[in-house]
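Below you'll find the structure, written out as structure tokens, and then a few comments.
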Amino acid sequence: MQESSDHQDKVLLIKAGQGDANSFGALFDKYYAKIYRFIFFKVSSKETAEDLTSQTFLKCWEHISQGNKVDKFQPWLYRISRNLIVDYFRSREKEELPLIYQESGENEIEDVKVDPGQNLSREELEKIIFNLKSEAREIILLRYIEDLSIQEISKIVDKSAVNVRVIIHRSIKELQQFIKE
Amino acid sequence: MSEQLLKQFKKLERVSPSQEWAETTRNFLYQKIERETIGIQPTWQYNFRLFFVVWSRRIIPSPVKMVSVFTILAVMFGTNLVVEAGVIPPSKMIGVERPIEKVRLFFAFTPKSEIKVNLHYSDIRQRRVLNIASDDNISPEEKTRHINKVVKYLEGNVLGAANSLAIAKEDLGDNKQKQGEVAKLAIEITKNGQEAVKSLEQVKESANLAGVDKTVAEAQSDIEESGVSSLEVAVNQIKGQQEENAAVSSEQVKEVISQLIKSQSEKIEKLDAKADQVGVAEALNTDNSVKQIKDLNKDLVDVAEKSVQAKVILDEAKTSLAKDNLTEALDKVKQSTQITKQSKAVVTKIEDISLKKLQGNAVVPTTSTSTINLNNLFKDKIKDKVKQSTTTETTPEVILPNGARINPSLIYDQNSTSTHEEPLCLDCE
């Protein structure tokens, strides 16, 4: 399935590179929600997320319109958005940078306790996600919401697959603190 | 617990931007692309790249698929080799053979390769059916079932090869090389068919089971017919060809026809012997009414006449063959085969009637009627009848194909004096 999707992306990219707006539109429709979520759970602002998502696709167009080749489109698109997020935080004051991009420091944990056996609301889940460390949040999102493989995640976050596994393991442990005893 | 929580995170998939934003952004990007690429014509590199990306996927299979296909084929063909090496039912490995055969036939893209596959499996099945027939570790019921199954497949192989030959013949045109190849295959099919008929004869003898006789006889008859029709193809192909250029020489065809004549003669002899045997048994059956004996007489006369007719035609075939008239010789063999087939049907009918009577008397044979001594089975019955015999009705004589005459009424009364030269069957004791 993933292989077939990659191939489809490749064909659309080649066509888009020659000015086929419909092909680029198809790529946009396929990925805009994913990229938006990825950015939203980093910047926690709807408007900023929308703005950075638009910028991601603009950057993507600029790259392919110059005839540059893209091997794997999805991880590449995530990487563009990740760089944009970094640029976004850098352009603001340093104290506003999330933990992953800061040299030290930790987020404050809100008092959220849930019973995972019950049907949790979106707000409760968002609270838990936002309370995770930025690095863990990113990987949990890619792994359990977007269903990406460890290999794909490692390409996006620029870490080894083993490292990604370790982070996932730690994040699952971290999630224990939000569960009611 | 954490796992339950992780599953619930899937709900966050619903977090998405507004539709309005999505529409606006798409339109913006669309216009930007249109504006920036106006007047740009697709380059050949683009066309090539697109073609390569689209078609490479269709033509070149993924490594995973390739490895899987090779593994499956290796396992299947590996197992097939083991099966072909001589495994017989009830081994479960036999089950692999049919799918493999179907795969091989599927990948046989020409009628010629289909013929080769069918002949290959015909050889394997001939060996197997002989192995099953001579295997003493299988129960008679199982043996009957397995033999019938293998014989059906064997028949299918030979007939399949003959059908493919008929298709190959249609596509020949004036191509001499192809004509020669087809003639060669036709001879191979006939030879294979002859071997199959011989093997089946051995199966009948060594298995000695009533349940396999009918299937084997039917298969033999069909295989013989297909062999003759295949040889006809060879004869037609070599007709009009220069001897030195022909892929198949007329000598080769002559040899095969001569083999056919020989086996046909043997068959007629065997049939005559069988008709005598069955005729004697029926003639001595004291349960037969006058009408039944008259019918029997009629049938036996019919068999005898047909036998003579078939022999005469075979002699004519030999003469035609000596004169190198292959078409006529083969035609005569065909006629003789047809006549023998008819007389065989009559003998089988008499035999079936005898068997039914035996079964009616609670004697259910598991062995074949071709080897069973019907005379002995009737002997006890005849003795009983002799003791209490007071028959007054005039019973007609039975004339056997070998010329012997039997008067059933004389069997009942040992003291009666007969003026007939041959009062009793000579083969009875």
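How things are named: the first chain in the structure tokens is A, the next is B, and so on; residues count from 1 in each chain; ligands count from 1 in the order shown.
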As JSON, numbers by chain, could you give me every residue of chain B near chain A (at most 8 Å apart, counting only C-alpha atoms)? {"B": [1, 2, 4, 5, 6, 7, 8, 9, 10, 11, 12, 13, 15, 16, 17, 21, 22, 25, 26, 29, 30, 33, 34, 36, 37, 38, 40, 41, 42, 46, 49, 50, 53, 54]}
Run DSSP on the backbone and tell me which residues of stretch 27-71 of chain A come out as alpha helix (DSSP H); list them as number ranges by chain. A: 27-43, 46-65
Written file, previous selection with N, CA and C atoms, as a CSV table (one decimal), in the first residue's frame:
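Done, and the output landed in result-v8.csv:
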```csv
chain,number,residue,atom,x,y,z
A,27,LEU,N,-1.8,16.5,-4.8
A,27,LEU,CA,-0.8,16.3,-3.7
A,27,LEU,C,-1.2,17.1,-2.4
A,28,PHE,N,-1.6,18.3,-2.7
A,28,PHE,CA,-2.1,19.2,-1.6
A,28,PHE,C,-3.2,18.6,-0.9
A,29,ASP,N,-4.2,18.1,-1.6
A,29,ASP,CA,-5.4,17.5,-1.0
A,29,ASP,C,-5.0,16.3,-0.1
A,30,LYS,N,-4.0,15.6,-0.6
A,30,LYS,CA,-3.6,14.3,0.1
A,30,LYS,C,-2.9,14.6,1.4
A,31,TYR,N,-2.1,15.7,1.4
A,31,TYR,CA,-1.2,15.9,2.6
A,31,TYR,C,-1.5,17.1,3.5
A,32,TYR,N,-2.4,18.0,3.0
A,32,TYR,CA,-2.5,19.3,3.8
A,32,TYR,C,-2.9,19.1,5.3
A,33,ALA,N,-3.9,18.1,5.5
A,33,ALA,CA,-4.4,17.9,6.8
A,33,ALA,C,-3.3,17.3,7.7
A,34,LYS,N,-2.5,16.4,7.2
A,34,LYS,CA,-1.4,15.8,7.9
A,34,LYS,C,-0.4,16.8,8.4
A,35,ILE,N,0.0,17.7,7.4
A,35,ILE,CA,1.0,18.7,7.7
A,35,ILE,C,0.4,19.7,8.7
A,36,TYR,N,-0.8,20.0,8.5
A,36,TYR,CA,-1.4,21.0,9.4
A,36,TYR,C,-1.4,20.4,10.9
A,37,ARG,N,-1.8,19.2,11.0
A,37,ARG,CA,-1.8,18.5,12.4
A,37,ARG,C,-0.4,18.5,13.0
A,38,PHE,N,0.6,18.2,12.1
A,38,PHE,CA,2.0,18.1,12.6
A,38,PHE,C,2.4,19.5,13.1
A,39,ILE,N,2.1,20.5,12.4
A,39,ILE,CA,2.5,21.9,12.8
A,39,ILE,C,1.6,22.3,14.0
A,40,PHE,N,0.3,22.0,13.9
A,40,PHE,CA,-0.6,22.5,15.0
A,40,PHE,C,-0.1,22.0,16.4
A,41,PHE,N,0.3,20.7,16.4
A,41,PHE,CA,0.7,20.1,17.7
A,41,PHE,C,2.1,20.6,18.2
A,42,LYS,N,2.7,21.4,17.3
A,42,LYS,CA,4.0,22.0,17.7
A,42,LYS,C,3.8,23.4,18.1
A,43,VAL,N,3.0,24.1,17.3
A,43,VAL,CA,2.9,25.6,17.6
A,43,VAL,C,1.6,25.9,18.4
A,46,LYS,N,-3.9,27.7,15.8
A,46,LYS,CA,-4.6,27.3,14.5
A,46,LYS,C,-4.1,28.2,13.4
A,47,GLU,N,-4.1,29.5,13.6
A,47,GLU,CA,-3.7,30.4,12.6
A,47,GLU,C,-2.3,30.2,12.1
A,48,THR,N,-1.4,30.1,13.1
A,48,THR,CA,0.0,29.8,12.8
A,48,THR,C,0.2,28.5,12.0
A,49,ALA,N,-0.5,27.5,12.4
A,49,ALA,CA,-0.4,26.2,11.8
A,49,ALA,C,-0.9,26.3,10.3
A,50,GLU,N,-2.0,27.1,10.1
A,50,GLU,CA,-2.5,27.2,8.7
A,50,GLU,C,-1.5,28.0,7.9
A,51,ASP,N,-0.9,29.0,8.5
A,51,ASP,CA,0.1,29.8,7.7
A,51,ASP,C,1.3,29.0,7.4
A,52,LEU,N,1.8,28.2,8.4
A,52,LEU,CA,3.0,27.4,8.1
A,52,LEU,C,2.7,26.3,7.1
A,53,THR,N,1.5,25.8,7.1
A,53,THR,CA,1.1,24.7,6.2
A,53,THR,C,1.2,25.3,4.7
A,54,SER,N,0.6,26.5,4.6
A,54,SER,CA,0.6,27.2,3.2
A,54,SER,C,2.1,27.3,2.8
A,55,GLN,N,2.9,27.8,3.8
A,55,GLN,CA,4.3,28.0,3.4
A,55,GLN,C,5.0,26.7,3.0
A,56,THR,N,4.6,25.6,3.7
A,56,THR,CA,5.2,24.3,3.4
A,56,THR,C,5.0,24.0,1.9
A,57,PHE,N,3.7,24.1,1.5
A,57,PHE,CA,3.4,23.8,0.1
A,57,PHE,C,4.0,24.8,-0.9
A,58,LEU,N,4.1,26.0,-0.5
A,58,LEU,CA,4.8,27.0,-1.4
A,58,LEU,C,6.3,26.6,-1.6
A,59,LYS,N,6.9,26.2,-0.5
A,59,LYS,CA,8.3,25.8,-0.6
A,59,LYS,C,8.4,24.6,-1.5
A,60,CYS,N,7.5,23.7,-1.3
A,60,CYS,CA,7.5,22.4,-2.1
A,60,CYS,C,7.4,22.8,-3.6
A,61,TRP,N,6.5,23.7,-3.9
A,61,TRP,CA,6.3,24.1,-5.3
A,61,TRP,C,7.6,24.7,-5.9
A,62,GLU,N,8.2,25.6,-5.0
A,62,GLU,CA,9.4,26.3,-5.5
A,62,GLU,C,10.5,25.2,-5.8
A,63,HIS,N,10.6,24.2,-4.9
A,63,HIS,CA,11.6,23.2,-5.1
A,63,HIS,C,11.4,22.4,-6.4
A,64,ILE,N,10.2,21.9,-6.6
A,64,ILE,CA,10.0,21.1,-7.8
A,64,ILE,C,9.9,21.9,-9.1
A,65,SER,N,9.5,23.1,-9.0
A,65,SER,CA,9.4,23.9,-10.2
A,65,SER,C,10.8,24.2,-10.8
```
Any idea what's packed within 12 Å of B:Ile189, counting only C-alpha atoms, ignoring anything in its chain fewer than 5 positions away? Could you give it as a compact mmCIF listing (two decimals) with N, CA, C and O atoms, in the first residue's frame?
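Generated output (around_5.txt):
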```
# COMPACT_ATOMS: atom_id res chain seq x y z
N LYS B 112 2.38 -26.90 -29.39
CA LYS B 112 3.48 -27.87 -29.35
C LYS B 112 3.97 -28.07 -27.92
O LYS B 112 4.21 -29.20 -27.49
N GLU B 114 2.23 -27.55 -25.29
CA GLU B 114 1.14 -28.23 -24.56
C GLU B 114 1.25 -29.74 -24.75
O GLU B 114 1.09 -30.51 -23.80
N ILE B 115 1.55 -30.13 -25.99
CA ILE B 115 1.69 -31.57 -26.29
C ILE B 115 2.82 -32.15 -25.44
O ILE B 115 2.66 -33.22 -24.83
N LYS B 116 3.95 -31.41 -25.37
CA LYS B 116 5.10 -31.93 -24.62
C LYS B 116 4.76 -32.12 -23.14
O LYS B 116 5.12 -33.13 -22.53
N VAL B 117 4.05 -31.12 -22.58
CA VAL B 117 3.68 -31.21 -21.16
C VAL B 117 2.76 -32.41 -20.95
O VAL B 117 2.96 -33.22 -20.03
N ASN B 118 1.77 -32.56 -21.84
CA ASN B 118 0.82 -33.67 -21.69
C ASN B 118 1.51 -35.02 -21.81
O ASN B 118 1.20 -35.94 -21.05
N LEU B 119 2.44 -35.13 -22.75
CA LEU B 119 3.14 -36.41 -22.91
C LEU B 119 4.03 -36.71 -21.71
O LEU B 119 4.14 -37.87 -21.29
N HIS B 120 4.63 -35.65 -21.15
CA HIS B 120 5.47 -35.81 -19.96
C HIS B 120 4.64 -36.40 -18.81
O HIS B 120 5.05 -37.37 -18.16
N SER B 122 1.80 -37.94 -19.11
CA SER B 122 1.28 -39.25 -19.49
C SER B 122 2.28 -40.34 -19.08
O SER B 122 1.90 -41.36 -18.52
N ASP B 123 3.58 -40.06 -19.33
CA ASP B 123 4.62 -41.02 -18.93
C ASP B 123 4.61 -41.26 -17.42
O ASP B 123 4.67 -42.40 -16.95
N ASN B 157 -4.46 -36.70 -20.45
CA ASN B 157 -3.17 -36.27 -21.00
C ASN B 157 -3.04 -36.64 -22.48
O ASN B 157 -2.66 -35.80 -23.30
N VAL B 158 -3.36 -37.91 -22.78
CA VAL B 158 -3.18 -38.35 -24.17
C VAL B 158 -4.18 -37.63 -25.08
O VAL B 158 -3.82 -37.14 -26.15
N LEU B 159 -5.44 -37.54 -24.64
CA LEU B 159 -6.44 -36.85 -25.46
C LEU B 159 -6.11 -35.37 -25.59
O LEU B 159 -6.31 -34.76 -26.64
N GLY B 160 -5.59 -34.79 -24.50
CA GLY B 160 -5.19 -33.37 -24.52
C GLY B 160 -4.09 -33.14 -25.55
O GLY B 160 -4.13 -32.17 -26.32
N ALA B 161 -3.14 -34.06 -25.58
CA ALA B 161 -2.04 -33.94 -26.55
C ALA B 161 -2.59 -34.05 -27.98
O ALA B 161 -2.21 -33.28 -28.87
N ALA B 162 -3.54 -34.99 -28.18
CA ALA B 162 -4.12 -35.16 -29.51
C ALA B 162 -4.91 -33.92 -29.93
O ALA B 162 -4.84 -33.49 -31.09
N ASN B 163 -5.62 -33.31 -28.98
CA ASN B 163 -6.36 -32.08 -29.28
C ASN B 163 -5.42 -30.95 -29.65
O ASN B 163 -5.67 -30.20 -30.59
N SER B 164 -4.32 -30.82 -28.89
CA SER B 164 -3.35 -29.77 -29.18
C SER B 164 -2.74 -29.99 -30.56
O SER B 164 -2.45 -29.02 -31.27
N LEU B 165 -2.57 -31.25 -30.91
CA LEU B 165 -2.02 -31.56 -32.24
C LEU B 165 -2.98 -31.08 -33.33
O LEU B 165 -2.54 -30.51 -34.34
N ALA B 166 -4.27 -31.29 -33.09
CA ALA B 166 -5.27 -30.85 -34.07
C ALA B 166 -5.20 -29.33 -34.23
O ALA B 166 -5.33 -28.81 -35.35
N VAL B 182 5.31 -31.03 -36.54
CA VAL B 182 4.00 -31.56 -36.16
C VAL B 182 3.92 -33.06 -36.43
O VAL B 182 3.38 -33.82 -35.62
N ALA B 183 4.49 -33.47 -37.57
CA ALA B 183 4.48 -34.91 -37.90
C ALA B 183 5.23 -35.71 -36.83
O ALA B 183 4.79 -36.77 -36.40
N LYS B 184 6.36 -35.13 -36.37
CA LYS B 184 7.15 -35.79 -35.31
C LYS B 184 6.32 -35.95 -34.04
O LYS B 184 6.30 -37.02 -33.42
N GLN B 194 0.18 -45.90 -27.55
CA GLN B 194 0.34 -47.36 -27.59
C GLN B 194 0.92 -47.87 -26.28
O GLN B 194 0.49 -48.89 -25.74
N GLU B 195 1.91 -47.12 -25.78
CA GLU B 195 2.52 -47.49 -24.48
C GLU B 195 1.48 -47.46 -23.38
O GLU B 195 1.41 -48.34 -22.53
N ALA B 196 0.64 -46.40 -23.44
CA ALA B 196 -0.39 -46.24 -22.40
C ALA B 196 -1.37 -47.41 -22.44
O ALA B 196 -1.75 -47.95 -21.40
N ILE B 223 -7.89 -43.78 -26.09
CA ILE B 223 -6.47 -43.53 -26.38
C ILE B 223 -6.10 -44.11 -27.74
O ILE B 223 -5.40 -43.48 -28.53
N GLU B 224 -6.61 -45.31 -28.01
CA GLU B 224 -6.33 -45.94 -29.31
C GLU B 224 -6.84 -45.07 -30.45
O GLU B 224 -6.13 -44.81 -31.43
N GLU B 225 -8.07 -44.59 -30.29
CA GLU B 225 -8.66 -43.74 -31.34
C GLU B 225 -7.84 -42.47 -31.56
O GLU B 225 -7.58 -42.06 -32.69
N SER B 226 -7.44 -41.86 -30.45
CA SER B 226 -6.67 -40.61 -30.58
C SER B 226 -5.31 -40.89 -31.22
O SER B 226 -4.79 -40.06 -31.97
N GLY B 227 -4.75 -42.08 -30.93
CA GLY B 227 -3.47 -42.45 -31.52
C GLY B 227 -3.57 -42.57 -33.03
O GLY B 227 -2.73 -42.06 -33.78
N VAL B 228 -4.67 -43.21 -33.47
CA VAL B 228 -4.87 -43.38 -34.92
C VAL B 228 -5.08 -42.02 -35.59
O VAL B 228 -4.49 -41.72 -36.63
N SER B 229 -5.90 -41.17 -34.95
CA SER B 229 -6.16 -39.86 -35.58
C SER B 229 -4.88 -39.00 -35.59
O SER B 229 -4.66 -38.23 -36.52
N SER B 230 -4.02 -39.17 -34.58
CA SER B 230 -2.75 -38.41 -34.57
C SER B 230 -1.84 -38.90 -35.69
O SER B 230 -1.19 -38.10 -36.37
N LEU B 231 -1.85 -40.21 -35.88
CA LEU B 231 -1.00 -40.77 -36.94
C LEU B 231 -1.47 -40.31 -38.32
O LEU B 231 -0.66 -40.13 -39.24
N GLU B 232 -2.75 -40.10 -38.42
CA GLU B 232 -3.33 -39.59 -39.67
C GLU B 232 -2.71 -38.23 -40.02
O GLU B 232 -2.41 -37.96 -41.18
N VAL B 233 -2.52 -37.42 -38.97
CA VAL B 233 -1.88 -36.11 -39.17
C VAL B 233 -0.48 -36.30 -39.74
O VAL B 233 -0.09 -35.63 -40.71
N ALA B 234 0.26 -37.23 -39.15
CA ALA B 234 1.63 -37.49 -39.62
C ALA B 234 1.64 -37.96 -41.07
O ALA B 234 2.44 -37.49 -41.89
N VAL B 256 5.22 -47.43 -37.20
CA VAL B 256 4.16 -47.19 -36.20
C VAL B 256 2.85 -47.85 -36.65
O VAL B 256 2.15 -48.48 -35.83
```
Can you tell me, as an MDAnalysis selection string, what residues are no more than 9 Å from stretch 203-207 of chain B when counting only C-alpha atoms, ignoring any on the same chain fewer than 5 positions away? chainID B and resid 129:135 140 143:144 147 198 212:213 216:217 367:368 370:371
Include N, CA, C and O atoms and write out the residues we just selected as a PDB file, in the first residue's frame.
```
ATOM      1  N   VAL B 129       0.368 -45.627 -12.391  1.00  0.00           N
ATOM      2  CA  VAL B 129      -0.772 -46.545 -12.356  1.00  0.00           C
ATOM      3  C   VAL B 129      -0.282 -47.995 -12.250  1.00  0.00           C
ATOM      4  O   VAL B 129      -0.900 -48.824 -11.565  1.00  0.00           O
ATOM      5  N   LEU B 130       0.859 -48.269 -12.852  1.00  0.00           N
ATOM      6  CA  LEU B 130       1.429 -49.624 -12.729  1.00  0.00           C
ATOM      7  C   LEU B 130       1.889 -49.872 -11.300  1.00  0.00           C
ATOM      8  O   LEU B 130       1.692 -50.966 -10.752  1.00  0.00           O
ATOM      9  N   ASN B 131       2.497 -48.844 -10.701  1.00  0.00           N
ATOM     10  CA  ASN B 131       2.954 -48.969  -9.306  1.00  0.00           C
ATOM     11  C   ASN B 131       1.782 -49.215  -8.367  1.00  0.00           C
ATOM     12  O   ASN B 131       1.863 -50.043  -7.461  1.00  0.00           O
ATOM     13  N   ILE B 132       0.706 -48.476  -8.604  1.00  0.00           N
ATOM     14  CA  ILE B 132      -0.466 -48.648  -7.727  1.00  0.00           C
ATOM     15  C   ILE B 132      -1.033 -50.053  -7.895  1.00  0.00           C
ATOM     16  O   ILE B 132      -1.354 -50.722  -6.919  1.00  0.00           O
ATOM     17  N   ALA B 133      -1.154 -50.480  -9.144  1.00  0.00           N
ATOM     18  CA  ALA B 133      -1.756 -51.791  -9.419  1.00  0.00           C
ATOM     19  C   ALA B 133      -0.970 -52.925  -8.755  1.00  0.00           C
ATOM     20  O   ALA B 133      -1.552 -53.912  -8.307  1.00  0.00           O
ATOM     21  N   SER B 134       0.358 -52.750  -8.683  1.00  0.00           N
ATOM     22  CA  SER B 134       1.157 -53.843  -8.113  1.00  0.00           C
ATOM     23  C   SER B 134       1.445 -53.660  -6.623  1.00  0.00           C
ATOM     24  O   SER B 134       2.137 -54.471  -6.027  1.00  0.00           O
ATOM     25  N   ASP B 135       0.892 -52.593  -6.038  1.00  0.00           N
ATOM     26  CA  ASP B 135       1.133 -52.343  -4.609  1.00  0.00           C
ATOM     27  C   ASP B 135       0.170 -53.180  -3.762  1.00  0.00           C
ATOM     28  O   ASP B 135      -1.054 -53.056  -3.889  1.00  0.00           O
ATOM     29  N   PRO B 140      -8.284 -53.097  -1.637  1.00  0.00           N
ATOM     30  CA  PRO B 140      -8.857 -53.137  -2.991  1.00  0.00           C
ATOM     31  C   PRO B 140      -9.706 -51.904  -3.321  1.00  0.00           C
ATOM     32  O   PRO B 140      -9.660 -51.395  -4.432  1.00  0.00           O
ATOM     33  N   LYS B 143      -7.412 -49.021  -3.890  1.00  0.00           N
ATOM     34  CA  LYS B 143      -6.674 -49.255  -5.127  1.00  0.00           C
ATOM     35  C   LYS B 143      -7.561 -48.927  -6.329  1.00  0.00           C
ATOM     36  O   LYS B 143      -7.139 -48.237  -7.254  1.00  0.00           O
ATOM     37  N   THR B 144      -8.801 -49.396  -6.270  1.00  0.00           N
ATOM     38  CA  THR B 144      -9.747 -49.131  -7.361  1.00  0.00           C
ATOM     39  C   THR B 144      -9.908 -47.628  -7.547  1.00  0.00           C
ATOM     40  O   THR B 144      -9.861 -47.109  -8.670  1.00  0.00           O
ATOM     41  N   ILE B 147      -6.628 -46.078  -8.919  1.00  0.00           N
ATOM     42  CA  ILE B 147      -6.364 -46.443 -10.321  1.00  0.00           C
ATOM     43  C   ILE B 147      -7.313 -45.686 -11.246  1.00  0.00           C
ATOM     44  O   ILE B 147      -6.888 -45.094 -12.244  1.00  0.00           O
ATOM     45  N   LYS B 198      -0.792 -50.414 -23.507  1.00  0.00           N
ATOM     46  CA  LYS B 198      -0.103 -51.600 -22.979  1.00  0.00           C
ATOM     47  C   LYS B 198      -0.053 -51.560 -21.451  1.00  0.00           C
ATOM     48  O   LYS B 198      -0.332 -52.548 -20.774  1.00  0.00           O
ATOM     49  N   VAL B 212     -12.084 -51.543 -11.830  1.00  0.00           N
ATOM     50  CA  VAL B 212     -11.229 -50.729 -12.707  1.00  0.00           C
ATOM     51  C   VAL B 212     -11.407 -51.094 -14.189  1.00  0.00           C
ATOM     52  O   VAL B 212     -11.019 -50.334 -15.061  1.00  0.00           O
ATOM     53  N   ASP B 213     -12.019 -52.265 -14.444  1.00  0.00           N
ATOM     54  CA  ASP B 213     -12.112 -52.756 -15.818  1.00  0.00           C
ATOM     55  C   ASP B 213     -12.772 -51.767 -16.771  1.00  0.00           C
ATOM     56  O   ASP B 213     -12.275 -51.514 -17.870  1.00  0.00           O
ATOM     57  N   VAL B 216     -10.691 -48.568 -17.341  1.00  0.00           N
ATOM     58  CA  VAL B 216      -9.491 -48.874 -18.124  1.00  0.00           C
ATOM     59  C   VAL B 216      -9.862 -49.158 -19.576  1.00  0.00           C
ATOM     60  O   VAL B 216      -9.228 -48.640 -20.510  1.00  0.00           O
ATOM     61  N   ALA B 217     -10.942 -49.940 -19.774  1.00  0.00           N
ATOM     62  CA  ALA B 217     -11.342 -50.279 -21.144  1.00  0.00           C
ATOM     63  C   ALA B 217     -11.735 -49.024 -21.918  1.00  0.00           C
ATOM     64  O   ALA B 217     -11.357 -48.859 -23.081  1.00  0.00           O
ATOM     65  N   THR B 367     -13.042 -59.441  -7.846  1.00  0.00           N
ATOM     66  CA  THR B 367     -12.016 -59.595  -8.873  1.00  0.00           C
ATOM     67  C   THR B 367     -12.633 -59.424 -10.247  1.00  0.00           C
ATOM     68  O   THR B 367     -13.834 -59.482 -10.418  1.00  0.00           O
ATOM     69  N   SER B 368     -11.778 -59.247 -11.229  1.00  0.00           N
ATOM     70  CA  SER B 368     -12.237 -58.942 -12.573  1.00  0.00           C
ATOM     71  C   SER B 368     -12.870 -60.141 -13.259  1.00  0.00           C
ATOM     72  O   SER B 368     -12.461 -61.273 -13.038  1.00  0.00           O
ATOM     73  N   SER B 370     -12.590 -60.680 -16.294  1.00  0.00           N
ATOM     74  CA  SER B 370     -11.682 -61.142 -17.330  1.00  0.00           C
ATOM     75  C   SER B 370     -10.798 -62.273 -16.831  1.00  0.00           C
ATOM     76  O   SER B 370     -10.323 -63.080 -17.603  1.00  0.00           O
ATOM     77  N   THR B 371     -10.592 -62.313 -15.512  1.00  0.00           N
ATOM     78  CA  THR B 371      -9.749 -63.388 -14.988  1.00  0.00           C
ATOM     79  C   THR B 371     -10.565 -64.406 -14.199  1.00  0.00           C
ATOM     80  O   THR B 371     -10.106 -65.501 -13.934  1.00  0.00           O
TER      81      THR B 371
END
```
List as a ChimeraX atom specification the protein and nucleic acid residues near A:Val164, meaning an atom at most 7 Å away when only C-alpha atoms are counted, but skip any in the same chain fewer than 5 places from it. /A:150,154,159
The residue from B:Glu255, B:Asp287, B:Asp315, B:Asp295 with the smallest atom-to-atom distance to B:Lys191, counting only C-alpha atoms, is B:Glu255
Near stretch 344-352 of chain B, counting only C-alpha atoms, which residues have an atom at most 10 Å away, once you skip same-chain residues fewer than 4 positions from it, shown as a PyMOL selection string? chain B and resi 214+217+267-268+271-272+274-279+281-282+295-296+299-300+302-303+306-307+338-340+356-358+369-370+374
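In this structure, atom CA of B:Glu3 sits 13.2 Å away from atom CA of A:Arg170.
Of the listed residues (B:Ile167, B:Leu330, B:Leu200, B:Ile313), B:Leu200 comes nearest to B:Leu154; the distances count only C-alpha atoms.
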Would you kindly return, as a ChimeraX atom specification, each protein, DNA or RNA residue with an atom no farther than 9 Å from any atom of A:Arg79, considering only C-alpha atoms and excluding same-chain residues fewer than 5 positions away? /A:74,84,155-158
Just the selected residues (N, CA, C and O atoms), exported as a PDB file, in the first residue's frame, please.
```pdb
ATOM      1  N   GLN A  74       6.523  12.228   1.068  1.00  0.00           N
ATOM      2  CA  GLN A  74       5.918  12.478   2.383  1.00  0.00           C
ATOM      3  C   GLN A  74       6.943  12.881   3.444  1.00  0.00           C
ATOM      4  O   GLN A  74       6.783  13.948   4.068  1.00  0.00           O
ATOM      5  N   LEU A  84      10.401  24.820   8.852  1.00  0.00           N
ATOM      6  CA  LEU A  84       9.638  26.073   8.962  1.00  0.00           C
ATOM      7  C   LEU A  84       9.259  26.363  10.409  1.00  0.00           C
ATOM      8  O   LEU A  84       9.255  27.522  10.842  1.00  0.00           O
ATOM      9  N   LYS A 155      13.356   9.232   9.206  1.00  0.00           N
ATOM     10  CA  LYS A 155      13.759  10.153   8.128  1.00  0.00           C
ATOM     11  C   LYS A 155      13.254  11.569   8.397  1.00  0.00           C
ATOM     12  O   LYS A 155      13.938  12.548   8.109  1.00  0.00           O
ATOM     13  N   ILE A 156      12.053  11.677   8.925  1.00  0.00           N
ATOM     14  CA  ILE A 156      11.463  13.003   9.172  1.00  0.00           C
ATOM     15  C   ILE A 156      12.198  13.730  10.308  1.00  0.00           C
ATOM     16  O   ILE A 156      12.565  14.895  10.174  1.00  0.00           O
ATOM     17  N   VAL A 157      12.412  13.021  11.416  1.00  0.00           N
ATOM     18  CA  VAL A 157      13.006  13.692  12.591  1.00  0.00           C
ATOM     19  C   VAL A 157      14.538  13.634  12.571  1.00  0.00           C
ATOM     20  O   VAL A 157      15.191  14.122  13.499  1.00  0.00           O
ATOM     21  N   ASP A 158      15.059  13.013  11.528  1.00  0.00           N
ATOM     22  CA  ASP A 158      16.502  12.941  11.347  1.00  0.00           C
ATOM     23  C   ASP A 158      17.218  12.259  12.522  1.00  0.00           C
ATOM     24  O   ASP A 158      18.193  12.771  13.079  1.00  0.00           O
TER      25      ASP A 158
END
```
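With atom CA of B:Ser113 on one side and atom CA of B:Asn236 on the other, the separation reads 21.4 Å.
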Calculate how many Å separate atom CA of B:Ser139 from atom CA of B:Ser354, rounding to one decimal. 25.9 Å
